[in-house]
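Here is the structure we will look at, set down as structure tokens.
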Amino acid sequence: MSDAADPDSAAGRTPVRERLSALRREFHRYPEPAWREFHTTCKLVEEIEGIGVDDLFVGRDAMAPDERIAVPDDDELVEWREAARDRGADPDRLDRLDDCTGAVAVLDRGEGPTVALRVDIDGLIRAESTADDHVPAAEGFRSENEGVMHACGHDAHMTVGLAVLEAIKDSDFSGTFKVFFQPAEEKAGGARPMAKGPHIADVDYLFALHVGLNHPTGEVVAGMVEPLAVTSFDLEFRGESAHAGLAPNEGRNAMQALGTAIENAYAIPRHEDGATRVNIGKVAGGTASNIVAERVDAEAEVRGETTELMEYTRERFERAVRGAAEMHDCEVEITVEGQAPRADSDPELAGLVHEAASGHADVTDPIESAPFGASEDATFLMDAVQQNGGAAAYAIVGTDHPTGHHTATFDVDEATIPIAVDVLTDAVLAAFERDPLGRAGPDGSA
């Protein structure tokens, strides 16, 4: 559904810009993993309605829901939705989400280009440190969802997204501004349904954001380039059990099938056109040393320097896995659990970020571009905009973090949040003012 906020709802409200730290910490306290961000989405909707927007699309209305990847089963979704209710999520907002999280907020100011910002909203399934020197634990905003934490900075991303939305709302611009609050980035499952949904087709310029990534406070990378395209899989090998001593011939050994698959997958030839990656990172299965294993599960991924190289590796990976299962008279089910193409930042748009960063007093090192080296499903949205003739830029705002991303003691230097808000706000406004690709004419048409 589309919901425009009540114009009077902002009365008496403290602006987001004046409570960046408090808001980030509130998000940090209630992390939720991919597609289970019910409490998070309700809080985002509350803040967006307080800011006041022209349209607000939540849950299924924010995307093409049938394109979702790595969605938990219905029972787990219900469990997390009800946990959000128990933790105080507004019941009316919660009921609007159904089985789908995320939101798209829209400001419409008539003729002009459509500019968008994408931020991610999910946490990671990992326990957060209780150490005295871990700031969230010491200062009382450690995760209250045990076993889940914001270990990648998405709590800061959401805060930046809301503050930029508020700043653009209060500015004088012509055109349309959208903020995509995207679920399920950590599973590389949320950008595809948003990229295939109804809200990206008219976007001329897309900005995306990440904090940290080994860039310190004061450093801003205007445009990320060279991400690896990726597909991740769940593999389920099924055979038949038997006594490993008395009658091993009566079994169909799923463990052997997996072993052959591992050996053959790592033997996929490299490619002359560029780098490829294969990894089988997790396996589980079997019952005992004297029982032929009837089921073994694995998690795996393939990557490529380009989308085409990833697809080359993916096709051969799937062939190797199916061949190994057949060789040992087993069955295998291959489920895609995440996906992202290659997409690079466009220099025209990254230039606006670089200019904004260069003019900021607290940015000590503005960098035009830097290679990413890993993967990020924001590339789905970037690619969709670029395929439509628009431009995209993925900015990295440096932040000092005591340990690496995805660790139990990851934390964000909160001094970087207002830097990110300022830089992204200025870049967005510059995109409206200059229309760097000249897509919108005087009447707002391309």
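In the structure tokens, the first chain shown is A, the next is B, and so on; residue numbers restart at 1 for each chain, and ligands run from 1 in the order shown.
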
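The residue set within 7 Å of A:Pro341, counting only C-alpha atoms and dropping same-chain residues fewer than 6 places from it, reads Ala229, Val230, Thr307, Thr379 and Phe380 of chain A.
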
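By chain and then residue number, the residues within 6 Å of stretch 26-41 of chain A are Trp80, Arg81, Ala84, Ala89, Thr101, Gly102, Asp122, Gly123, Leu124, Phe141, Arg142, Ser143, Glu144, Met149, His150, Asp155 and Ala184 of chain A, counting only C-alpha atoms and disregarding those fewer than 5 positions away in sequence.
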
Handout entry: DSSP-assigned helix (DSSP H, G or I) among stretch 85-305 of chain A, expressed as a ChimeraX atom specification
Key = /A:85-86,91-97,135-138,154-169,191-195,248-250,254-266

Problem - Between atom CA of A:Ile396 and atom CA of A:Ala70 - distance in Å to one decimal - result: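 That distance, rounded to one decimal, is 26.3 Å.
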
Handout entry: Surrounding residues of A:Met327 excluding itself and chain neighbours under 3 positions, 9 Å, only C-alpha atoms, as a list of chain:residue names
Key =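 Surrounding residues, per the criterion: A:Ala257, A:Thr260, A:Arg322, A:Gly323, A:Ala324, A:Cys330.
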
Take the selection from the previous step and output its residues with C-alpha atoms, as a PDB file, in the first residue's frame.
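Wrote it out as part35.pdb, contents follow:
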ATOM      1  CA  ALA A 257      28.713 -37.417  -3.114  1.00  0.00           C
ATOM      2  CA  THR A 260      33.333 -35.659  -4.921  1.00  0.00           C
ATOM      3  CA  ARG A 322      24.868 -32.702 -10.011  1.00  0.00           C
ATOM      4  CA  GLY A 323      27.475 -34.985 -11.588  1.00  0.00           C
ATOM      5  CA  ALA A 324      28.871 -35.920  -8.171  1.00  0.00           C
ATOM      6  CA  CYS A 330      22.285 -39.760  -4.780  1.00  0.00           C
TER       7      CYS A 330
END

Counting only C-alpha atoms, which residues of stretch 264-332 of chain A fall within 10 Å of stretch 356-377 of chain A, and what is the closest atom pair for each with its distance in Å at one decimal, ordered by chain and rising number, as a tab-separated table?
residue	atom	partner	partner_atom	distance
A:Arg303	CA	A:Ser375	CA	8.3
A:Gly304	CA	A:Ser375	CA	9.7
A:Glu305	CA	A:Gly373	CA	8.8

Write the residues you've just listed into a file as a JSON list (two decimals), in the first residue's frame, and include C-alpha atoms for each of them.
[["chain", "number", "residue", "atom", "x", "y", "z"],
["A", 303, "ARG", "CA", 32.15, -15.24, -7.60],
["A", 304, "GLY", "CA", 33.47, -13.59, -10.70],
["A", 305, "GLU", "CA", 35.23, -10.39, -11.71]]

Exercise for the section: Work out how far apart atom CA of A:Arg439 and atom CA of A:Glu111 are and give it in Å to one decimal. Expected result: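 These atoms are spaced 11.8 Å apart.
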
Problem - Selection: 10 Å around A:Ala415, only C-alpha atoms, excl. self and same-chain fewer than 6 positions, as a ChimeraX atom specification - result: /A:20-21,217-218,362,399-400

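Of the listed residues A:Asp234, A:Ile291, A:Val353, A:Ala340, the one whose atoms come nearest to A:Glu318 is A:Asp234, with distances taken using only C-alpha atoms.
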
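Here atom CA of A:Met224 stands at a distance of 16.7 Å from atom CA of A:Ala384.
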
Hey, could you make a per-residue contact list for stretch 320-352 of chain A against stretch 421-435 of chain A with 12 Å as the cut-off, showing the nearest pair of atoms and its distance in Å to one decimal, counting only C-alpha atoms, sorted by chain and number, as a tab-separated table?
residue	atom	partner	partner_atom	distance
A:Glu348	CA	A:Ala431	CA	9.7
A:Leu349	CA	A:Ala431	CA	7.6
A:Ala350	CA	A:Ala427	CA	8.7
A:Gly351	CA	A:Ala427	CA	8.8
A:Leu352	CA	A:Ala427	CA	5.2

Exercise for the section: For A:Asp108, please output as a PyMOL selection string all residues within 9 Å (counting only C-alpha atoms; exclusion window: fewer than 4 positions along the same chain). Expected result: chain A and resi 53-55+114+174-178

For the residues in that selection, give me all heavy atoms as a CSV table (one decimal), in the first residue's frame.
chain,number,residue,atom,x,y,z
A,53,VAL,N,6.2,12.4,4.2
A,53,VAL,CA,6.6,12.1,2.8
A,53,VAL,C,5.3,12.1,2.0
A,53,VAL,O,4.2,12.1,2.5
A,53,VAL,CB,7.3,10.8,2.7
A,53,VAL,CG1,8.7,10.9,3.4
A,53,VAL,CG2,6.5,9.6,3.2
A,54,ASP,N,5.5,12.1,0.7
A,54,ASP,CA,4.3,12.1,-0.2
A,54,ASP,C,3.8,10.7,-0.5
A,54,ASP,O,2.6,10.5,-0.7
A,54,ASP,CB,4.7,12.8,-1.5
A,54,ASP,CG,5.1,14.2,-1.3
A,54,ASP,OD1,4.2,15.0,-0.9
A,54,ASP,OD2,6.2,14.6,-1.6
A,55,ASP,N,4.7,9.7,-0.5
A,55,ASP,CA,4.3,8.3,-0.6
A,55,ASP,C,5.2,7.5,0.2
A,55,ASP,O,6.4,7.7,0.4
A,55,ASP,CB,4.3,7.8,-2.1
A,55,ASP,CG,3.1,8.2,-2.9
A,55,ASP,OD1,2.0,7.9,-2.4
A,55,ASP,OD2,3.2,8.8,-3.9
A,114,THR,N,14.6,12.0,-11.1
A,114,THR,CA,14.3,11.2,-9.9
A,114,THR,C,15.7,10.7,-9.4
A,114,THR,O,16.5,10.0,-10.1
A,114,THR,CB,13.5,10.0,-10.3
A,114,THR,OG1,12.2,10.5,-10.8
A,114,THR,CG2,13.2,9.1,-9.1
A,174,SER,N,13.6,20.4,-7.3
A,174,SER,CA,12.6,20.0,-8.2
A,174,SER,C,12.9,18.6,-8.7
A,174,SER,O,13.9,18.3,-9.2
A,174,SER,CB,12.6,21.0,-9.4
A,174,SER,OG,12.2,22.3,-9.0
A,175,GLY,N,11.9,17.7,-8.6
A,175,GLY,CA,12.0,16.4,-9.0
A,175,GLY,C,11.4,15.4,-8.0
A,175,GLY,O,10.5,15.8,-7.2
A,176,THR,N,11.9,14.2,-8.0
A,176,THR,CA,11.4,13.2,-7.1
A,176,THR,C,12.6,12.6,-6.3
A,176,THR,O,13.6,12.2,-7.0
A,176,THR,CB,10.7,12.1,-7.8
A,176,THR,OG1,9.6,12.7,-8.5
A,176,THR,CG2,10.1,11.0,-6.9
A,177,PHE,N,12.5,12.4,-5.0
A,177,PHE,CA,13.5,11.8,-4.2
A,177,PHE,C,12.9,10.5,-3.6
A,177,PHE,O,11.8,10.6,-3.0
A,177,PHE,CB,14.1,12.7,-3.2
A,177,PHE,CG,15.2,12.1,-2.3
A,177,PHE,CD1,16.3,11.6,-2.9
A,177,PHE,CD2,15.1,12.0,-1.0
A,177,PHE,CE1,17.3,11.1,-2.2
A,177,PHE,CE2,16.1,11.5,-0.2
A,177,PHE,CZ,17.2,11.0,-0.8
A,178,LYS,N,13.7,9.4,-3.7
A,178,LYS,CA,13.3,8.2,-3.0
A,178,LYS,C,14.4,7.6,-2.2
A,178,LYS,O,15.6,7.8,-2.5
A,178,LYS,CB,13.0,7.1,-4.1
A,178,LYS,CG,11.9,7.5,-5.1
A,178,LYS,CD,11.6,6.4,-6.1
A,178,LYS,CE,10.5,6.7,-7.1
A,178,LYS,NZ,10.2,5.6,-8.0

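The smallest atom-to-atom distance between A:Glu185 and any of A:Ile121, A:Ala163, A:Ala408, A:Ala208, using only C-alpha atoms, is found for A:Ile121.
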
Exercise for the section: Identify which of the residues A:Phe410, A:Arg238, A:Glu82, A:Lys43 lies closest to A:Ala127, counting only C-alpha atoms when measuring atom-to-atom distances. Expected result: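 Answer, going by the shortest atom-to-atom distance: A:Phe410.
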
Exercise for the section: Choose the residue, out of A:Gly12, A:Glu79, A:Gly197, A:Glu272, that has the smallest atom-to-atom separation from A:Ala64; count only C-alpha atoms. Expected result: A:Gly197
